[in-house]
file data37.cif (mmCIF, C-alpha atoms)
data_my_file
loop_
_atom_site.label_atom_id
_atom_site.label_comp_id
_atom_site.auth_asym_id
_atom_site.auth_seq_id
_atom_site.Cartn_x
_atom_site.Cartn_y
_atom_site.Cartn_z
CA MET A 1 -52.62 -159.95 76.62
CA ILE A 2 -54.34 -158.33 79.59
CA ARG A 3 -54.17 -159.04 83.29
CA ALA A 4 -57.29 -160.22 85.03
CA LYS A 5 -59.06 -157.33 86.74
CA GLU A 6 -56.53 -154.89 85.29
CA TYR A 7 -59.27 -152.26 85.28
CA ASP A 8 -59.29 -152.23 89.08
CA MET A 9 -55.59 -151.29 89.19
CA ASP A 10 -56.02 -147.96 87.41
CA ARG A 11 -57.02 -145.12 89.76
CA PHE A 12 -58.85 -143.35 86.95
CA ASP A 13 -60.39 -146.33 85.20
CA ARG A 14 -63.94 -145.28 86.07
CA SER A 15 -63.33 -141.65 85.08
CA LYS A 16 -61.96 -142.78 81.71
CA ARG A 17 -65.24 -144.57 81.02
CA ILE A 18 -66.85 -141.13 80.56
CA ASP A 19 -66.06 -140.67 76.89
CA TRP A 20 -65.25 -136.94 76.88
CA VAL A 21 -63.03 -137.00 79.99
CA ASN A 22 -59.36 -136.71 78.98
CA ILE A 23 -57.30 -137.78 82.01
CA ASP A 24 -53.97 -137.04 80.29
CA LYS A 25 -54.94 -133.44 79.57
CA ILE A 26 -56.42 -133.03 83.06
CA GLY A 27 -53.12 -134.22 84.52
CA ARG A 28 -51.24 -131.50 82.63
CA ALA A 29 -53.47 -128.61 83.74
CA ARG A 30 -52.02 -126.09 86.20
CA CYS A 31 -54.79 -125.01 88.53
CA LEU A 32 -54.91 -122.01 90.80
CA VAL A 33 -57.51 -122.24 93.57
CA VAL A 34 -58.13 -118.82 95.12
CA GLY A 35 -59.61 -119.29 98.58
CA ALA A 36 -59.09 -122.24 100.94
CA GLY A 37 -62.31 -122.00 102.92
CA ALA A 38 -65.40 -124.14 102.51
CA LEU A 39 -65.58 -124.02 98.71
CA GLY A 40 -61.80 -124.33 98.51
CA ASN A 41 -61.79 -127.51 100.61
CA GLU A 42 -64.45 -129.18 98.47
CA ALA A 43 -62.96 -127.91 95.22
CA VAL A 44 -59.46 -129.21 96.00
CA LYS A 45 -60.89 -132.58 97.08
CA CYS A 46 -62.72 -132.88 93.75
CA LEU A 47 -59.70 -131.64 91.75
CA VAL A 48 -57.40 -134.28 93.25
CA LEU A 49 -59.92 -137.09 92.82
CA SER A 50 -60.62 -135.95 89.24
CA GLY A 51 -56.98 -136.35 88.19
CA PHE A 52 -55.56 -132.84 88.42
CA ARG A 53 -51.85 -133.13 89.30
CA ASP A 54 -50.67 -129.55 89.75
CA ILE A 55 -52.67 -127.39 92.14
CA THR A 56 -51.75 -124.11 93.81
CA ILE A 57 -53.88 -122.83 96.70
CA ALA A 58 -53.87 -119.14 97.65
CA ASP A 59 -55.32 -117.97 100.97
CA ASN A 60 -54.06 -115.73 103.73
CA ASP A 61 -56.44 -116.76 106.50
CA SER A 62 -56.20 -119.11 109.47
CA VAL A 63 -58.64 -121.81 110.57
CA VAL A 64 -61.40 -120.91 113.06
CA THR A 65 -63.85 -123.21 114.82
CA SER A 66 -66.83 -122.04 112.74
CA ASN A 67 -65.11 -123.41 109.60
CA LEU A 68 -65.49 -126.95 110.90
CA ASN A 69 -69.16 -127.41 109.83
CA ARG A 70 -68.15 -127.46 106.16
CA CYS A 71 -64.38 -127.86 105.69
CA VAL A 72 -63.59 -131.53 105.24
CA PHE A 73 -59.80 -131.16 105.62
CA PHE A 74 -59.75 -129.01 108.77
CA ARG A 75 -59.69 -130.40 112.32
CA GLY A 76 -60.37 -128.90 115.73
CA SER A 77 -56.63 -129.09 116.43
CA ASP A 78 -55.98 -126.74 113.47
CA VAL A 79 -57.92 -123.85 115.01
CA LYS A 80 -55.67 -120.79 115.36
CA GLU A 81 -52.62 -123.03 114.82
CA GLY A 82 -52.63 -123.30 111.09
CA MET A 83 -53.06 -121.36 107.89
CA LYS A 84 -55.87 -122.63 105.68
CA SER A 85 -53.75 -122.95 102.54
CA ASP A 86 -51.03 -124.97 104.32
CA ILE A 87 -53.44 -127.37 105.99
CA LEU A 88 -55.57 -127.86 102.90
CA ALA A 89 -52.49 -128.61 100.77
CA MET A 90 -51.07 -131.03 103.35
CA ARG A 91 -54.29 -133.00 103.95
CA ALA A 92 -55.49 -133.06 100.34
CA SER A 93 -52.07 -134.44 99.30
CA GLU A 94 -52.88 -137.51 101.38
CA LEU A 95 -55.60 -138.39 98.86
CA ASP A 96 -53.00 -138.96 96.16
CA HIS A 97 -49.26 -138.65 96.78
CA GLU A 98 -48.58 -138.08 93.07
CA VAL A 99 -50.31 -134.71 93.16
CA THR A 100 -48.27 -131.55 93.73
CA ILE A 101 -50.23 -129.10 95.87
CA THR A 102 -48.50 -125.81 96.60
CA PRO A 103 -49.89 -123.56 99.33
CA ARG A 104 -49.41 -119.81 99.23
CA ARG A 105 -50.15 -117.58 102.19
CA THR A 106 -51.37 -114.72 100.11
CA LEU A 107 -54.39 -112.60 99.22
CA ALA A 108 -55.78 -112.74 95.70
CA GLN A 109 -54.58 -109.15 95.30
CA ASP A 110 -50.95 -110.21 95.85
CA ILE A 111 -50.77 -113.02 93.30
CA GLY A 112 -48.33 -111.89 90.63
CA ASP A 113 -47.73 -114.82 88.30
CA TRP A 114 -51.22 -115.38 86.89
CA ASP A 115 -49.97 -116.56 83.51
CA GLU A 116 -48.27 -119.55 85.17
CA PHE A 117 -51.72 -121.15 85.41
CA SER A 118 -53.96 -122.73 82.80
CA MET A 119 -57.12 -122.51 84.90
CA ILE A 120 -58.44 -120.56 87.89
CA LEU A 121 -61.03 -121.70 90.41
CA GLY A 122 -62.63 -118.88 92.38
CA CYS A 123 -63.56 -119.97 95.90
CA VAL A 124 -63.52 -116.55 97.57
CA ASP A 125 -66.01 -114.98 99.95
CA ASN A 126 -66.39 -111.43 98.70
CA ILE A 127 -67.14 -109.42 95.57
CA SER A 128 -63.92 -107.39 95.58
CA ALA A 129 -61.73 -110.51 95.44
CA ARG A 130 -63.99 -111.96 92.72
CA LEU A 131 -63.62 -108.84 90.60
CA HIS A 132 -59.85 -108.93 91.06
CA VAL A 133 -59.51 -112.58 90.03
CA ASN A 134 -61.96 -112.05 87.17
CA ALA A 135 -59.96 -109.10 85.80
CA HIS A 136 -56.70 -111.09 85.79
CA ALA A 137 -58.38 -114.13 84.25
CA CYS A 138 -59.76 -111.94 81.44
CA TYR A 139 -56.48 -110.08 80.90
CA HIS A 140 -54.39 -113.27 80.77
CA ARG A 141 -57.13 -115.18 78.88
CA ILE A 142 -57.23 -117.95 81.47
CA PRO A 143 -60.47 -119.92 81.89
CA TYR A 144 -62.04 -119.05 85.23
CA VAL A 145 -64.72 -120.96 87.12
CA ASP A 146 -66.23 -118.97 89.96
CA GLY A 147 -68.37 -120.34 92.78
CA GLY A 148 -70.46 -118.57 95.39
CA THR A 149 -72.85 -119.63 98.13
CA ASP A 150 -75.40 -117.97 100.39
CA GLY A 151 -77.13 -120.36 102.75
CA MET A 152 -79.01 -122.85 100.55
CA TYR A 153 -78.36 -120.83 97.37
CA GLY A 154 -75.34 -121.05 95.14
CA LYS A 155 -73.98 -120.05 91.78
CA VAL A 156 -71.33 -121.28 89.38
CA GLN A 157 -70.18 -119.03 86.53
CA VAL A 158 -67.83 -120.10 83.75
CA VAL A 159 -65.69 -117.34 82.26
CA LEU A 160 -63.93 -118.32 79.05
CA PRO A 161 -61.66 -116.11 76.92
CA ASP A 162 -63.80 -114.00 74.56
CA GLY A 163 -66.96 -114.74 76.55
CA PRO A 164 -68.87 -112.68 79.12
CA CYS A 165 -67.12 -112.25 82.45
CA LEU A 166 -68.30 -111.85 86.03
CA GLN A 167 -68.31 -108.10 85.77
CA CYS A 168 -70.61 -108.24 82.72
CA SER A 169 -73.36 -109.61 84.96
CA MET A 170 -72.83 -107.32 87.95
CA ASN A 171 -74.79 -104.19 88.79
CA ARG A 172 -74.92 -101.44 91.38
CA SER A 173 -76.18 -103.84 94.04
CA HIS A 174 -72.87 -105.72 93.75
CA TYR A 175 -70.78 -102.57 93.93
CA GLY A 176 -72.85 -101.30 96.85
CA ILE A 177 -72.14 -104.49 98.77
CA ALA A 178 -68.45 -104.35 97.86
CA GLU A 179 -68.27 -100.78 99.21
CA THR A 180 -69.89 -101.71 102.53
CA ARG A 181 -67.08 -104.22 103.10
CA PHE A 182 -64.57 -101.42 103.46
CA SER A 183 -64.55 -98.99 106.37
CA CYS A 184 -62.09 -96.33 107.34
CA THR A 185 -60.90 -96.46 110.93
CA GLY A 186 -58.87 -93.28 110.75
CA ASN A 187 -55.71 -95.38 110.90
CA GLY A 188 -56.33 -97.16 107.65
CA SER A 189 -59.03 -99.19 105.99
CA VAL A 190 -60.56 -102.37 107.33
CA PHE A 191 -62.02 -105.08 105.16
CA TYR A 192 -65.13 -106.53 106.73
CA VAL A 193 -66.70 -109.81 105.61
CA PRO A 194 -70.10 -110.38 107.25
CA LYS A 195 -70.92 -113.78 108.65
CA MET A 196 -73.25 -115.38 106.15
CA ALA A 197 -75.31 -118.54 106.44
CA ALA A 198 -73.29 -121.48 105.10
CA GLU A 199 -73.58 -125.25 105.29
CA ILE A 200 -71.89 -128.21 103.68
CA THR A 201 -74.55 -129.59 101.32
CA THR A 202 -74.82 -126.42 99.24
CA THR A 203 -71.07 -125.80 99.46
CA SER A 204 -70.40 -129.34 98.31
CA ALA A 205 -72.88 -129.11 95.41
CA ILE A 206 -71.44 -125.81 94.16
CA ALA A 207 -67.79 -126.92 94.42
CA ALA A 208 -68.65 -130.17 92.62
CA MET A 209 -70.27 -128.18 89.80
CA GLN A 210 -67.18 -125.94 89.61
CA ILE A 211 -64.84 -128.90 89.25
CA ARG A 212 -67.11 -130.59 86.71
CA GLU A 213 -66.66 -127.45 84.58
CA ALA A 214 -62.91 -127.54 85.25
CA VAL A 215 -62.80 -131.15 84.03
CA LYS A 216 -64.60 -130.12 80.83
CA ILE A 217 -62.19 -127.22 80.23
CA ALA A 218 -59.07 -129.27 80.97
CA SER A 219 -60.36 -132.03 78.68
CA GLY A 220 -60.60 -129.49 75.86
CA ARG A 221 -64.40 -129.51 75.92
CA GLU A 222 -65.26 -125.87 76.53
CA ASP A 223 -68.09 -126.44 74.06
CA ILE A 224 -70.05 -128.38 76.69
CA CYS A 225 -69.47 -125.92 79.55
CA ILE A 226 -72.30 -124.12 81.31
CA ARG A 227 -73.31 -121.06 79.26
CA ASN A 228 -72.82 -118.96 81.37
CA ALA A 229 -74.01 -119.24 84.96
CA ALA A 230 -75.91 -121.88 86.92
CA PHE A 231 -78.03 -120.70 89.84
CA TYR A 232 -78.77 -123.43 92.39
CA ASP A 233 -81.64 -123.41 94.88
CA GLY A 234 -80.97 -126.03 97.53
CA MET A 235 -84.50 -125.78 98.92
CA SER A 236 -86.27 -126.79 95.72
CA GLY A 237 -83.30 -128.68 94.27
CA GLU A 238 -83.65 -126.64 91.09
CA THR A 239 -80.74 -125.41 89.00
CA ILE A 240 -81.32 -122.87 86.23
CA VAL A 241 -78.69 -122.04 83.65
CA LEU A 242 -78.76 -118.45 82.45
CA GLU A 243 -77.13 -116.93 79.42
CA ILE A 244 -75.21 -113.70 80.08
CA LYS A 245 -74.56 -111.18 77.33
CA LYS A 246 -71.04 -109.90 76.98
CA ASP A 247 -71.05 -106.22 77.89
CA ASP A 248 -68.92 -104.20 75.46
CA ARG A 249 -68.87 -101.40 78.06
CA CYS A 250 -67.31 -103.75 80.64
CA ALA A 251 -63.77 -102.66 81.56
CA ASN A 252 -62.47 -106.17 80.87
CA HIS A 253 -63.58 -106.13 77.22
CA GLU A 254 -63.07 -102.54 76.16
CA GLU A 255 -59.91 -103.16 74.14
CA GLU A 256 -60.98 -106.39 72.48
CA MET B 1 -98.99 -96.34 78.52
CA GLY B 2 -96.66 -98.35 80.75
CA ILE B 3 -95.50 -101.94 80.48
CA HIS B 4 -96.92 -104.24 83.12
CA VAL B 5 -94.69 -107.07 84.34
CA LEU B 6 -94.80 -109.59 87.13
CA VAL B 7 -91.65 -109.78 89.26
CA LYS B 8 -91.10 -113.03 91.16
CA ASN B 9 -89.01 -113.28 94.28
CA ALA B 10 -86.89 -116.44 93.96
CA THR B 11 -86.27 -116.73 97.70
CA LEU B 12 -89.77 -115.93 99.02
CA GLY B 13 -91.83 -117.28 96.12
CA ALA B 14 -93.86 -114.03 96.28
CA THR B 15 -94.81 -111.96 93.25
CA LEU B 16 -95.16 -108.25 92.61
CA LYS B 17 -96.87 -106.37 89.75
CA MET B 18 -94.77 -103.51 88.44
CA ASP B 19 -95.50 -100.75 85.90
CA LEU B 20 -92.52 -99.71 83.81
CA GLY B 21 -91.70 -96.94 81.43
CA PRO B 22 -89.57 -97.76 78.37
CA LYS B 23 -86.62 -95.70 79.66
CA GLU B 24 -86.46 -97.32 83.07
CA THR B 25 -83.55 -99.69 83.47
CA VAL B 26 -83.24 -103.29 84.59
CA TYR B 27 -81.44 -102.01 87.67
CA ASP B 28 -84.47 -99.81 88.50
CA ILE B 29 -86.55 -103.01 88.59
CA ILE B 30 -83.97 -104.78 90.79
CA GLU B 31 -83.77 -101.85 93.20
CA SER B 32 -87.55 -101.34 93.41
CA ALA B 33 -88.26 -105.04 93.97
CA ALA B 34 -85.53 -105.37 96.62
CA GLU B 35 -86.90 -102.27 98.35
CA PHE B 36 -90.50 -103.56 98.19
CA TRP B 37 -89.56 -106.86 99.80
CA LYS B 38 -87.24 -105.09 102.26
CA LYS B 39 -84.50 -107.44 101.16
CA ASP B 40 -81.27 -107.66 103.09
CA PRO B 41 -78.42 -105.71 101.56
CA ARG B 42 -77.22 -108.29 99.09
CA ALA B 43 -76.35 -108.47 95.42
CA TYR B 44 -79.27 -109.33 93.13
CA VAL B 45 -79.75 -110.08 89.47
CA LEU B 46 -82.86 -110.27 87.29
CA ARG B 47 -83.70 -112.93 84.77
CA LYS B 48 -86.18 -113.23 81.95
CA GLY B 49 -86.58 -116.83 80.86
CA LYS B 50 -83.12 -118.29 80.27
CA SER B 51 -81.34 -114.94 80.12
CA LEU B 52 -79.81 -112.83 82.83
CA LEU B 53 -80.72 -109.22 82.06
CA ARG B 54 -78.00 -106.58 81.79
CA ALA B 55 -78.65 -104.05 84.55
CA THR B 56 -77.80 -100.96 82.49
CA ASP B 57 -80.19 -101.85 79.68
CA THR B 58 -83.47 -99.97 79.48
CA VAL B 59 -86.76 -101.84 79.46
CA MET B 60 -86.82 -101.34 75.70
CA GLU B 61 -83.23 -102.53 75.16
CA ALA B 62 -83.84 -105.58 77.34
CA ASN B 63 -86.90 -106.37 75.22
CA ILE B 64 -89.14 -106.50 78.28
CA LEU B 65 -92.71 -106.79 77.07
CA ASN B 66 -96.16 -106.46 78.57
CA ASP B 67 -97.05 -109.41 80.87
CA ASP B 68 -93.47 -110.68 81.04
CA VAL B 69 -92.52 -112.60 84.16
CA LEU B 70 -89.15 -111.56 85.60
CA GLU B 71 -87.39 -113.20 88.53
CA LEU B 72 -85.23 -111.53 91.17
CA LEU B 73 -82.37 -113.83 92.20
CA PRO B 74 -79.78 -113.43 94.94
CA ASP B 75 -76.22 -113.50 93.58
CA PRO B 76 -74.38 -115.52 96.24
CA GLU B 77 -71.22 -113.93 97.61
CA GLY B 78 -69.94 -116.44 100.17
CA GLY B 79 -67.26 -119.04 99.74
#

call {"tool": "encode", "arguments": {"input": "data37.cif", "output": "structure tokens"}}
result
Amino acid sequence: MIRAKEYDMDRFDRSKRIDWVNIDKIGRARCLVVGAGALGNEAVKCLVLSGFRDITIADNDSVVTSNLNRCVFFRGSDVKEGMKSDILAMRASELDHEVTITPRRTLAQDIGDWDEFSMILGCVDNISARLHVNAHACYHRIPYVDGGTDGMYGKVQVVLPDGPCLQCSMNRSHYGIAETRFSCTGNGSVFYVPKMAAEITTTSAIAAMQIREAVKIASGREDICIRNAAFYDGMSGETIVLEIKKDDRCANHEEE
Amino acid sequence: MGIHVLVKNATLGATLKMDLGPKETVYDIIESAAEFWKKDPRAYVLRKGKSLLRATDTVMEANILNDDVLELLPDPEGG
């Protein structure tokens, strides 16, 4: 016997109608979101609404007014008062009280317990942090979905164990940019992140693509993931998926 | 005799003809194209068809052929 309109009483009824989506497996995934800025806000929103139940958010930054054009969970009253990870965890929890969202006020470089997680979402704003997260994901064999934006352009790269990683696709232009972010003041080094063009439509599209890949991975469907990176052009609306060759000379694959 | 390719700029829509020797690398193409278009200091990658080319590969290793069309893409860094 069924109850009339029973289907409207299940939060994930519509998700379950997509035949490859496995809500039970998604609910058991342990996600680490590195970065609680624009991509982090959109990614956590999509994770919660997609059925992920265990989310950890790592970020060591506080909210500033210029975040408010693209961070759905931040408010004007949060400026200077709150840490991004704390506020994102608190507000995103309101979407579904059965989700555990744990904020950590930490840099990617200070995360120590990588193997506690079954999936990593990269929502960071610089190449050095990306390389750091990528190296740990490869070492611990944790699936990693990285997102990046630049104005109306964006990219999503899926890094699976045994596949090509972020570093396999990087070149001297990446390392040159990473170097320019550091400067020596004489009293220590300063990490400088330039102010780049950023708006919500591209951010939202890229984060949504990241979480779609996360849903595939958590559902046990790595076979239908993007191989290997999707480049999005918000001006033309075009997305191209490019294959990346695994680089045997890459430091993350040398001992495999 | 060199290999002649057309390099497209994904952001500007412009194109550039480039002559290559077999020992030049994919990164040489990226650097020359970025310099020609006076691109901002950003990270770039190069694609041929549906493949992202490995920057350390030579023109020969990357199987870049005469009249190939390559595209210079920005690799977005922001989050």

call {"tool": "residues_around", "arguments": {"input": "data37.cif", "residues": "range 12-25 of chain B", "least_positions_apart": "6", "cutoff": "7 Å", "atoms": "only C-alpha atoms", "output": "count of residues only"}}
result
11

call {"tool": "resolve_selection", "arguments": {"input": "data37.cif", "expression": "the PyMOL selection byres ((chain A) within 9 of (chain B))", "output": "VMD selection string"}}
result
chain A and resid 35 to 40 122 to 127 130 147 to 151 153 to 155 168 to 177 195 to 198 203 229 231 233 240 to 245 247

call {"tool": "write_last_selection", "arguments": {"input": "data37.cif", "atoms": "C-alpha atoms", "output": "PDB file, in the frame of the given file"}}
result
ATOM      1  CA  GLY A  35     -59.610-119.290  98.580  1.00  0.00           C
ATOM      2  CA  ALA A  36     -59.090-122.240 100.940  1.00  0.00           C
ATOM      3  CA  GLY A  37     -62.310-122.000 102.920  1.00  0.00           C
ATOM      4  CA  ALA A  38     -65.400-124.140 102.510  1.00  0.00           C
ATOM      5  CA  LEU A  39     -65.580-124.020  98.710  1.00  0.00           C
ATOM      6  CA  GLY A  40     -61.800-124.330  98.510  1.00  0.00           C
ATOM      7  CA  GLY A 122     -62.630-118.880  92.380  1.00  0.00           C
ATOM      8  CA  CYS A 123     -63.560-119.970  95.900  1.00  0.00           C
ATOM      9  CA  VAL A 124     -63.520-116.550  97.570  1.00  0.00           C
ATOM     10  CA  ASP A 125     -66.010-114.980  99.950  1.00  0.00           C
ATOM     11  CA  ASN A 126     -66.390-111.430  98.700  1.00  0.00           C
ATOM     12  CA  ILE A 127     -67.140-109.420  95.570  1.00  0.00           C
ATOM     13  CA  ARG A 130     -63.990-111.960  92.720  1.00  0.00           C
ATOM     14  CA  GLY A 147     -68.370-120.340  92.780  1.00  0.00           C
ATOM     15  CA  GLY A 148     -70.460-118.570  95.390  1.00  0.00           C
ATOM     16  CA  THR A 149     -72.850-119.630  98.130  1.00  0.00           C
ATOM     17  CA  ASP A 150     -75.400-117.970 100.390  1.00  0.00           C
ATOM     18  CA  GLY A 151     -77.130-120.360 102.750  1.00  0.00           C
ATOM     19  CA  TYR A 153     -78.360-120.830  97.370  1.00  0.00           C
ATOM     20  CA  GLY A 154     -75.340-121.050  95.140  1.00  0.00           C
ATOM     21  CA  LYS A 155     -73.980-120.050  91.780  1.00  0.00           C
ATOM     22  CA  CYS A 168     -70.610-108.240  82.720  1.00  0.00           C
ATOM     23  CA  SER A 169     -73.360-109.610  84.960  1.00  0.00           C
ATOM     24  CA  MET A 170     -72.830-107.320  87.950  1.00  0.00           C
ATOM     25  CA  ASN A 171     -74.790-104.190  88.790  1.00  0.00           C
ATOM     26  CA  ARG A 172     -74.920-101.440  91.380  1.00  0.00           C
ATOM     27  CA  SER A 173     -76.180-103.840  94.040  1.00  0.00           C
ATOM     28  CA  HIS A 174     -72.870-105.720  93.750  1.00  0.00           C
ATOM     29  CA  TYR A 175     -70.780-102.570  93.930  1.00  0.00           C
ATOM     30  CA  GLY A 176     -72.850-101.300  96.850  1.00  0.00           C
ATOM     31  CA  ILE A 177     -72.140-104.490  98.770  1.00  0.00           C
ATOM     32  CA  LYS A 195     -70.920-113.780 108.650  1.00  0.00           C
ATOM     33  CA  MET A 196     -73.250-115.380 106.150  1.00  0.00           C
ATOM     34  CA  ALA A 197     -75.310-118.540 106.440  1.00  0.00           C
ATOM     35  CA  ALA A 198     -73.290-121.480 105.100  1.00  0.00           C
ATOM     36  CA  THR A 203     -71.070-125.800  99.460  1.00  0.00           C
ATOM     37  CA  ALA A 229     -74.010-119.240  84.960  1.00  0.00           C
ATOM     38  CA  PHE A 231     -78.030-120.700  89.840  1.00  0.00           C
ATOM     39  CA  ASP A 233     -81.640-123.410  94.880  1.00  0.00           C
ATOM     40  CA  ILE A 240     -81.320-122.870  86.230  1.00  0.00           C
ATOM     41  CA  VAL A 241     -78.690-122.040  83.650  1.00  0.00           C
ATOM     42  CA  LEU A 242     -78.760-118.450  82.450  1.00  0.00           C
ATOM     43  CA  GLU A 243     -77.130-116.930  79.420  1.00  0.00           C
ATOM     44  CA  ILE A 244     -75.210-113.700  80.080  1.00  0.00           C
ATOM     45  CA  LYS A 245     -74.560-111.180  77.330  1.00  0.00           C
ATOM     46  CA  ASP A 247     -71.050-106.220  77.890  1.00  0.00           C
TER      47      ASP A 247
END

call {"tool": "resolve_selection", "arguments": {"input": "data37.cif", "expression": "the PyMOL selection byres ((chain A and resi 103) around 7)", "output": "number ranges by chain"}}
result
A: 56-58, 85-86, 89, 101-102, 104-105

call {"tool": "closest_residue", "arguments": {"input": "data37.cif", "among": "A:Glu42, A:Asp19, A:Asp10, A:Glu254", "to": "Arg70 in chain A", "atoms": "all atoms listed in the file"}}
result
A:Glu42

call {"tool": "closest_residue", "arguments": {"input": "data37.cif", "among": "A:Leu95, A:Val34, A:Ala178, A:Val63", "to": "Asp78 in chain A", "atoms": "only C-alpha atoms"}}
result
A:Val63

call {"tool": "atom_distance", "arguments": {"input": "data37.cif", "atom1": "CA of Phe36 in chain B", "atom2": "CA of Ser128 in chain A"}}
result
27.0 Å

call {"tool": "residues_around", "arguments": {"input": "data37.cif", "residues": "Arg53 in chain A", "least_positions_apart": "2", "cutoff": "6 Å", "atoms": "all atoms listed in the file", "output": "NGL selection string"}}
result
:A and (27 or 99-100)

call {"tool": "resolve_selection", "arguments": {"input": "data37.cif", "expression": "the PyMOL selection byres ((chain A and resi 215) around 10)", "output": "PyMOL selection string"}}
result
chain A and resi 20-23+25-26+29+46-47+50-52+209-214+216-222+225

call {"tool": "write_last_selection", "arguments": {"input": "data37.cif", "atoms": "C-alpha atoms", "output": "PDB file, keeping the file's coordinate frame"}}
result
ATOM      1  CA  TRP A  20     -65.250-136.940  76.880  1.00  0.00           C
ATOM      2  CA  VAL A  21     -63.030-137.000  79.990  1.00  0.00           C
ATOM      3  CA  ASN A  22     -59.360-136.710  78.980  1.00  0.00           C
ATOM      4  CA  ILE A  23     -57.300-137.780  82.010  1.00  0.00           C
ATOM      5  CA  LYS A  25     -54.940-133.440  79.570  1.00  0.00           C
ATOM      6  CA  ILE A  26     -56.420-133.030  83.060  1.00  0.00           C
ATOM      7  CA  ALA A  29     -53.470-128.610  83.740  1.00  0.00           C
ATOM      8  CA  CYS A  46     -62.720-132.880  93.750  1.00  0.00           C
ATOM      9  CA  LEU A  47     -59.700-131.640  91.750  1.00  0.00           C
ATOM     10  CA  SER A  50     -60.620-135.950  89.240  1.00  0.00           C
ATOM     11  CA  GLY A  51     -56.980-136.350  88.190  1.00  0.00           C
ATOM     12  CA  PHE A  52     -55.560-132.840  88.420  1.00  0.00           C
ATOM     13  CA  MET A 209     -70.270-128.180  89.800  1.00  0.00           C
ATOM     14  CA  GLN A 210     -67.180-125.940  89.610  1.00  0.00           C
ATOM     15  CA  ILE A 211     -64.840-128.900  89.250  1.00  0.00           C
ATOM     16  CA  ARG A 212     -67.110-130.590  86.710  1.00  0.00           C
ATOM     17  CA  GLU A 213     -66.660-127.450  84.580  1.00  0.00           C
ATOM     18  CA  ALA A 214     -62.910-127.540  85.250  1.00  0.00           C
ATOM     19  CA  LYS A 216     -64.600-130.120  80.830  1.00  0.00           C
ATOM     20  CA  ILE A 217     -62.190-127.220  80.230  1.00  0.00           C
ATOM     21  CA  ALA A 218     -59.070-129.270  80.970  1.00  0.00           C
ATOM     22  CA  SER A 219     -60.360-132.030  78.680  1.00  0.00           C
ATOM     23  CA  GLY A 220     -60.600-129.490  75.860  1.00  0.00           C
ATOM     24  CA  ARG A 221     -64.400-129.510  75.920  1.00  0.00           C
ATOM     25  CA  GLU A 222     -65.260-125.870  76.530  1.00  0.00           C
ATOM     26  CA  CYS A 225     -69.470-125.920  79.550  1.00  0.00           C
TER      27      CYS A 225
END

call {"tool": "residues_near_point", "arguments": {"input": "data37.cif", "point": "(-54.9, -122.4, 85.0)", "cutoff": "6 Å", "atoms": "all atoms listed in the file", "output": "PyMOL selection string"}}
result
chain A and resi 30-32+117-120

call {"tool": "atom_distance", "arguments": {"input": "data37.cif", "atom1": "CA of Ile87 in chain A", "atom2": "CA of Ser15 in chain A"}}
result
27.2 Å

call {"tool": "atom_distance", "arguments": {"input": "data37.cif", "atom1": "CA of Gly82 in chain A", "atom2": "CA of Arg181 in chain A"}}
result
25.2 Å

call {"tool": "axis_aligned_box", "arguments": {"input": "data37.cif", "around": "range 6-10 of chain A", "padding_each_side": "4 Å", "output": "JSON"}}
result
{"center_x": -57.4, "center_y": -151.4, "center_z": 87.2, "size_x": 11.7, "size_y": 14.9, "size_z": 11.9}
